[in-house]
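run_36.txt (compact mmCIF, C-alpha atoms)
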```txt
# COMPACT_ATOMS: atom_id res chain seq x y z
CA MET S 84 7.89 -9.88 -39.99
CA ALA S 85 4.83 -9.66 -37.74
CA ASP S 86 5.05 -7.48 -34.67
CA LYS S 87 5.64 -9.38 -31.45
CA ILE S 88 3.69 -8.34 -28.36
CA LEU S 89 6.15 -7.87 -25.51
CA TYR S 90 3.92 -6.33 -22.89
CA THR S 91 0.19 -6.31 -22.20
CA ARG S 92 -2.37 -5.77 -19.48
CA PRO S 93 -2.27 -8.43 -16.71
CA ASP S 94 -5.16 -10.88 -16.89
CA SER S 95 -6.01 -10.00 -13.30
CA ILE S 96 -6.66 -6.36 -14.24
CA ARG S 97 -10.03 -5.56 -15.82
CA ASP S 98 -10.04 -3.92 -19.24
CA VAL S 99 -11.79 -0.73 -18.16
CA LYS S 100 -10.97 2.97 -18.12
CA SER S 101 -9.29 4.23 -14.97
CA HIS S 102 -10.76 7.05 -12.90
CA TYR S 103 -7.40 7.82 -11.29
CA CYS S 104 -5.79 11.18 -12.02
CA PRO S 105 -2.79 11.43 -14.38
CA GLY S 106 0.41 10.63 -12.52
CA CYS S 107 -1.35 8.87 -9.62
CA GLY S 108 0.48 5.88 -8.15
CA HIS S 109 -2.60 3.77 -7.44
CA GLY S 110 -2.83 2.47 -11.00
CA ILE S 111 0.81 1.43 -10.92
CA VAL S 112 0.31 -0.54 -7.72
CA HIS S 113 -2.86 -2.14 -9.13
CA LYS S 114 -0.83 -3.33 -12.10
CA LEU S 115 1.85 -4.79 -9.85
CA ILE S 116 -0.74 -6.66 -7.80
CA GLY S 117 -2.33 -7.97 -11.00
CA GLU S 118 1.01 -9.15 -12.37
CA CYS S 119 1.82 -10.93 -9.12
CA LEU S 120 -1.57 -12.67 -9.02
CA ASP S 121 -1.10 -13.82 -12.62
CA GLU S 122 2.43 -15.09 -12.06
CA MET S 123 1.50 -16.84 -8.82
CA ASN S 124 -1.68 -18.28 -10.36
CA CYS S 125 -3.76 -17.28 -7.35
CA ARG S 126 -6.33 -14.83 -8.71
CA GLU S 127 -9.24 -17.24 -8.22
CA LYS S 128 -8.55 -17.57 -4.50
CA THR S 129 -7.86 -13.89 -3.78
CA ILE S 130 -10.15 -11.60 -1.78
CA LEU S 131 -9.43 -7.87 -1.82
CA VAL S 132 -10.60 -5.70 1.07
CA ALA S 133 -10.69 -1.99 0.27
CA PRO S 134 -12.11 0.78 2.48
CA VAL S 135 -13.16 4.40 1.95
CA GLY S 136 -10.77 6.68 0.05
CA CYS S 137 -9.10 6.47 -3.35
CA ALA S 138 -8.44 2.80 -2.56
CA VAL S 139 -12.17 2.05 -2.43
CA LEU S 140 -12.53 1.41 -6.17
CA ALA S 141 -9.61 -1.01 -6.41
CA TYR S 142 -11.97 -3.92 -6.96
CA ASN S 143 -13.29 -2.18 -10.09
CA TYR S 144 -9.85 -2.77 -11.61
CA ILE S 145 -8.36 -5.83 -9.90
CA ASP S 146 -10.41 -8.78 -11.13
CA VAL S 147 -10.88 -10.67 -7.87
CA ASP S 148 -13.61 -11.01 -5.26
CA GLY S 149 -13.81 -7.84 -3.21
CA ILE S 150 -15.29 -6.50 -0.01
CA GLU S 151 -15.75 -2.80 0.78
CA ALA S 152 -14.88 -2.18 4.42
CA PRO S 153 -16.12 0.68 6.59
CA HIS S 154 -13.62 3.51 6.84
CA GLY S 155 -10.56 2.33 8.78
CA ARG S 156 -11.83 -1.20 9.34
CA ALA S 157 -10.16 -3.08 6.48
CA PRO S 158 -7.75 -5.02 8.77
CA ALA S 159 -10.68 -6.17 10.92
CA VAL S 160 -12.66 -7.27 7.86
CA ALA S 161 -9.57 -8.95 6.40
CA THR S 162 -9.00 -10.73 9.72
CA GLY S 163 -12.53 -12.11 9.73
CA VAL S 164 -12.32 -13.25 6.10
CA LYS S 165 -8.96 -14.95 6.60
CA ARG S 166 -9.97 -16.73 9.78
CA ALA S 167 -13.16 -17.99 8.12
CA GLN S 168 -11.52 -18.81 4.77
CA LYS S 169 -7.98 -19.88 5.61
CA ASP S 170 -7.32 -21.09 2.06
CA LYS S 171 -7.95 -17.63 0.57
CA LEU S 172 -5.34 -14.99 -0.20
CA VAL S 173 -6.57 -11.87 1.59
CA ILE S 174 -5.24 -8.41 0.70
CA SER S 175 -6.06 -5.27 2.69
CA TYR S 176 -5.49 -2.32 0.33
CA GLN S 177 -5.52 1.03 2.16
CA GLY S 178 -4.60 4.69 1.93
CA ASP S 179 -2.93 6.86 4.56
CA GLY S 180 -6.04 8.57 5.89
CA ASP S 181 -7.74 5.22 6.33
CA LEU S 182 -4.82 3.23 7.72
CA LEU S 183 -3.20 5.82 9.99
CA ALA S 184 -6.10 8.08 11.02
CA ILE S 185 -9.51 6.51 11.62
CA GLY S 186 -8.01 3.03 11.27
CA THR S 187 -4.91 3.35 13.45
CA ALA S 188 -6.17 0.98 16.13
CA GLU S 189 -7.23 -1.65 13.60
CA THR S 190 -3.83 -1.40 11.91
CA ILE S 191 -1.83 -1.82 15.09
CA HIS S 192 -3.88 -4.62 16.60
CA ALA S 193 -4.04 -6.72 13.40
CA ALA S 194 -0.26 -6.43 13.17
CA ASN S 195 0.16 -7.14 16.87
CA ARG S 196 -1.90 -10.33 16.54
CA GLY S 197 0.22 -11.40 13.58
CA GLU S 198 -2.80 -12.02 11.38
CA ASN S 199 -1.92 -14.00 8.25
CA ILE S 200 -2.93 -11.24 5.84
CA THR S 201 -1.13 -8.94 3.41
CA VAL S 202 -1.55 -5.18 3.92
CA ILE S 203 -0.63 -2.83 1.07
CA PHE S 204 -0.51 0.76 2.28
CA ILE S 205 -0.48 3.67 -0.20
CA ASN S 206 1.25 6.69 1.33
CA ASN S 207 0.74 9.79 -0.82
CA ALA S 208 0.99 12.30 2.03
CA ILE S 209 -2.52 13.71 1.56
CA TYR S 210 -6.24 12.90 1.55
CA GLY S 211 -6.91 12.26 -2.13
CA MET S 212 -10.58 11.39 -2.61
CA THR S 213 -11.92 14.12 -0.32
CA GLY S 214 -9.99 16.91 -2.02
CA GLY S 215 -6.55 17.34 -0.55
CA GLN S 216 -6.76 17.75 3.22
CA MET S 217 -3.87 17.01 5.60
CA ALA S 218 -3.25 13.31 6.27
CA PRO S 219 -1.28 11.66 9.09
CA THR S 220 1.57 11.31 6.56
CA THR S 221 1.53 14.92 5.29
CA MET S 222 5.05 16.33 5.37
CA GLU S 223 6.19 19.09 7.72
CA GLY S 224 5.48 22.42 6.03
CA GLN S 225 3.39 20.80 3.28
CA VAL S 226 0.50 22.95 2.05
CA THR S 227 -2.90 21.23 1.92
CA LYS S 228 -6.53 22.38 1.97
CA THR S 229 -6.52 22.22 5.78
CA THR S 230 -2.93 23.46 6.22
CA PRO S 231 -2.82 26.48 3.87
CA TYR S 232 0.33 27.78 5.59
CA GLY S 233 1.98 24.36 5.70
CA ARG S 234 1.81 21.57 8.27
CA ASP S 235 2.82 22.97 11.66
CA VAL S 236 4.22 20.02 13.61
CA HIS S 237 4.01 21.99 16.87
CA ASP S 238 0.25 22.24 16.35
CA VAL S 239 -0.73 18.92 14.72
CA GLY S 240 2.26 16.67 15.32
CA TYR S 241 4.77 15.03 13.02
CA PRO S 242 4.10 12.78 10.01
CA ILE S 243 3.65 9.19 11.18
CA ARG S 244 6.09 6.56 9.93
CA ALA S 245 4.00 3.40 9.66
CA CYS S 246 6.79 0.89 9.07
CA GLU S 247 8.82 2.14 11.99
CA LEU S 248 5.73 2.10 14.20
CA LEU S 249 4.77 -1.48 13.34
CA ASN S 250 8.37 -2.60 13.63
CA THR S 251 8.16 -2.05 17.39
CA LEU S 252 5.69 -4.95 17.59
CA VAL S 253 6.75 -8.56 18.04
CA ALA S 254 4.34 -10.41 15.74
CA PRO S 255 4.72 -8.93 12.21
CA TYR S 256 6.63 -11.23 9.88
CA TYR S 257 7.61 -8.90 7.07
CA ILE S 258 7.63 -5.08 6.84
CA GLU S 259 9.01 -3.13 3.88
CA ARG S 260 8.71 0.39 2.45
CA VAL S 261 8.97 0.85 -1.32
CA SER S 262 8.19 3.56 -3.88
CA VAL S 263 6.74 3.82 -7.39
CA HIS S 264 8.23 7.15 -8.47
CA ASP S 265 10.42 5.61 -11.21
CA VAL S 266 10.92 2.34 -13.05
CA PRO S 267 13.74 0.83 -10.93
CA HIS S 268 11.70 1.43 -7.78
CA ILE S 269 8.56 0.03 -9.39
CA VAL S 270 10.49 -3.19 -10.08
CA LYS S 271 11.54 -3.36 -6.43
CA ALA S 272 7.99 -2.65 -5.29
CA LYS S 273 6.70 -5.61 -7.29
CA LYS S 274 9.23 -7.91 -5.66
CA ALA S 275 8.13 -6.73 -2.21
CA ILE S 276 4.42 -7.23 -2.99
CA ARG S 277 5.07 -10.71 -4.34
CA ARG S 278 7.12 -11.58 -1.28
CA ALA S 279 4.33 -10.40 1.02
CA LEU S 280 1.76 -12.47 -0.86
CA GLN S 281 3.98 -15.55 -0.78
CA ASN S 282 4.44 -15.16 2.98
CA GLN S 283 0.68 -15.40 3.39
CA ILE S 284 0.41 -18.43 1.13
CA ASP S 285 3.12 -20.08 3.22
CA GLY S 286 1.22 -19.28 6.42
CA LYS S 287 4.00 -17.16 7.87
CA GLY S 288 1.84 -14.33 9.19
CA TYR S 289 1.40 -10.59 8.86
CA SER S 290 3.13 -8.76 5.99
CA PHE S 291 3.02 -4.98 5.52
CA ILE S 292 4.10 -3.13 2.38
CA GLU S 293 4.13 0.67 2.46
CA VAL S 294 4.26 2.31 -0.98
CA LEU S 295 5.34 5.93 -1.40
CA SER S 296 3.04 7.19 -4.13
CA MET S 297 2.27 10.32 -6.15
CA CYS S 298 -0.84 12.51 -5.94
CA PRO S 299 -0.06 15.32 -8.44
CA THR S 300 -3.63 16.64 -8.61
CA ASN S 301 -3.95 17.34 -4.89
CA TRP S 302 -0.33 18.42 -4.63
CA GLY S 303 -0.98 20.94 -7.41
CA VAL S 304 1.91 19.82 -9.62
CA ASP S 305 2.45 17.95 -12.89
CA ALA S 306 3.15 14.22 -13.00
CA GLN S 307 6.95 14.45 -13.31
CA THR S 308 7.20 17.02 -10.52
CA GLY S 309 5.09 14.73 -8.36
CA ALA S 310 7.46 11.82 -8.94
CA ASP S 311 10.45 14.04 -8.18
CA TRP S 312 8.77 15.23 -4.96
CA VAL S 313 8.40 11.64 -3.75
CA ARG S 314 12.12 11.13 -4.34
CA ASP S 315 13.37 14.45 -2.98
CA VAL S 316 10.96 15.23 -0.13
CA MET S 317 9.16 12.07 0.98
CA GLN S 318 11.93 9.51 0.68
CA PRO S 319 14.40 11.22 3.05
CA TYR S 320 11.74 11.24 5.79
CA TYR S 321 10.30 7.85 4.84
CA PRO S 322 13.45 5.82 4.05
CA LEU S 323 12.98 2.83 1.77
CA GLY S 324 13.96 -0.67 2.75
CA VAL S 325 13.13 -3.79 4.72
CA PHE S 326 12.34 -3.13 8.37
CA ARG S 327 11.43 -6.70 9.35
CA ASP S 328 12.14 -10.00 7.64
CA LYS S 329 11.88 -13.02 9.91
CA ASP S 330 13.17 -15.28 7.14
CA ALA S 331 16.41 -13.31 7.07
CA GLU S 332 16.56 -13.24 10.85
CA GLU S 333 16.19 -17.02 11.01
CA ALA S 334 18.83 -17.54 8.31
CA SER S 335 21.21 -15.29 10.26
CA ARG S 336 20.69 -17.33 13.45
CA VAL S 337 21.34 -20.59 11.60
CA GLN S 338 24.64 -19.25 10.27
```
Spit out the file's structure as structure tokens when you get a sec.
Amino acid sequence: MADKILYTRPDSIRDVKSHYCPGCGHGIVHKLIGECLDEMNCREKTILVAPVGCAVLAYNYIDVDGIEAPHGRAPAVATGVKRAQKDKLVISYQGDGDLLAIGTAETIHAANRGENITVIFINNAIYGMTGGQMAPTTMEGQVTKTTPYGRDVHDVGYPIRACELLNTLVAPYYIERVSVHDVPHIVKAKKAIRRALQNQIDGKGYSFIEVLSMCPTNWGVDAQTGADWVRDVMQPYYPLGVFRDKDAEEASRVQ
């Protein structure tokens, strides 16, 4: 009997070699986005905005139209694209240094305006592309190139929780934090990404998905240890779950 193909590369993902390090979560999230675009049949109308950082090469892998934004300005670029092309599906794909350091103001104000875009935020607790410096999400006591004795919160402040921060605003429609450190959580992450994309298609407004992700190379560990570290160290500080769901809130009021 001939072998039956059960699983293959999503059509929305280009058939090219990846530059991402072994164990990195970016490739996993790319795959999830590609699967969602295929299943929702919306690849041809999707525009991906990716800024400086490991996220910058996403459009080399996700087979959609792409725009490279200046560092930290992806939400502003995505806002302009969406307002000019309301029929497009606009994704802002960002890392923690971009979204919560140089781009903090852009992040907050796009959310506060309730822009009808989908933001996918990769939180790997470190600056990846530039070689492992401290990020706004670096954990307390975590050793990086710029915190060789561990992050001292009394000196540089505490890790920033993006979902909790944006949840203080009125306008965001949907906010969820997920993880890709194991298969069950990857399945949940896909559901969240698809939900965020569908919200935009339905014109409901701003959706924000934070993804806890691995960076074994800059953490100085192997791939499995990196996944375990997300579960054991990051997840207790960055709890997973839905922080805002206006659909659920409306359903609750109706009941």
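With atom CA of S:Ala310 on one side and atom CA of S:Ser262 on the other, the separation reads 9.7 Å.
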Next on the checklist: as a PyMOL selection string, please: the residues near S:Gly186 (cut-off 12 Å, all atoms listed in the file, same-chain neighbours under 3 positions excluded).
Outcome noted: chain S and resi 134-135+152-160+177-183+189-193+204+219
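Near S:Tyr321, within 9 Å and counting all atoms listed in the file, sit Arg244, Cys246, Arg260, Leu295, Val316, Met317, Gln318, Pro319 and Leu323 of chain S, not including residues fewer than 2 positions from it in the same chain.
You can rank S:Lys228, S:Thr91, S:Ile111, S:Gly211 by their closest distance to S:Val139 using all atoms listed in the file, and at the top of that list sits S:Gly211.
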Next on the checklist: Using all atoms listed in the file for the distances, tell me which of S:Val236, S:Ala167, S:Met212, S:Ile130 is nearest to S:Ile150.
Outcome noted: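 Closest residue, counting all atoms listed in the file: S:Ile130.
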Checklist entry - So how many Å separate atom CA of S:Met123 and atom CA of S:Lys171, to one decimal? => result 13.3 Å
Checklist entry - Counting only C-alpha atoms, what is within 12 Å of S:Ile96, bar same-chain residues fewer than 4 positions away, as a list in words? => result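 Surrounding residues, per the criterion: Thr91, Arg92, Lys100, Ser101, Gly110, Ile111, Val112, His113, Lys114, Leu115, Ile116, Gly117, Glu118, Cys119, Leu120, Asp121, Arg126, Ala141, Tyr142, Asn143, Tyr144, Ile145, Asp146 and Val147 of chain S.
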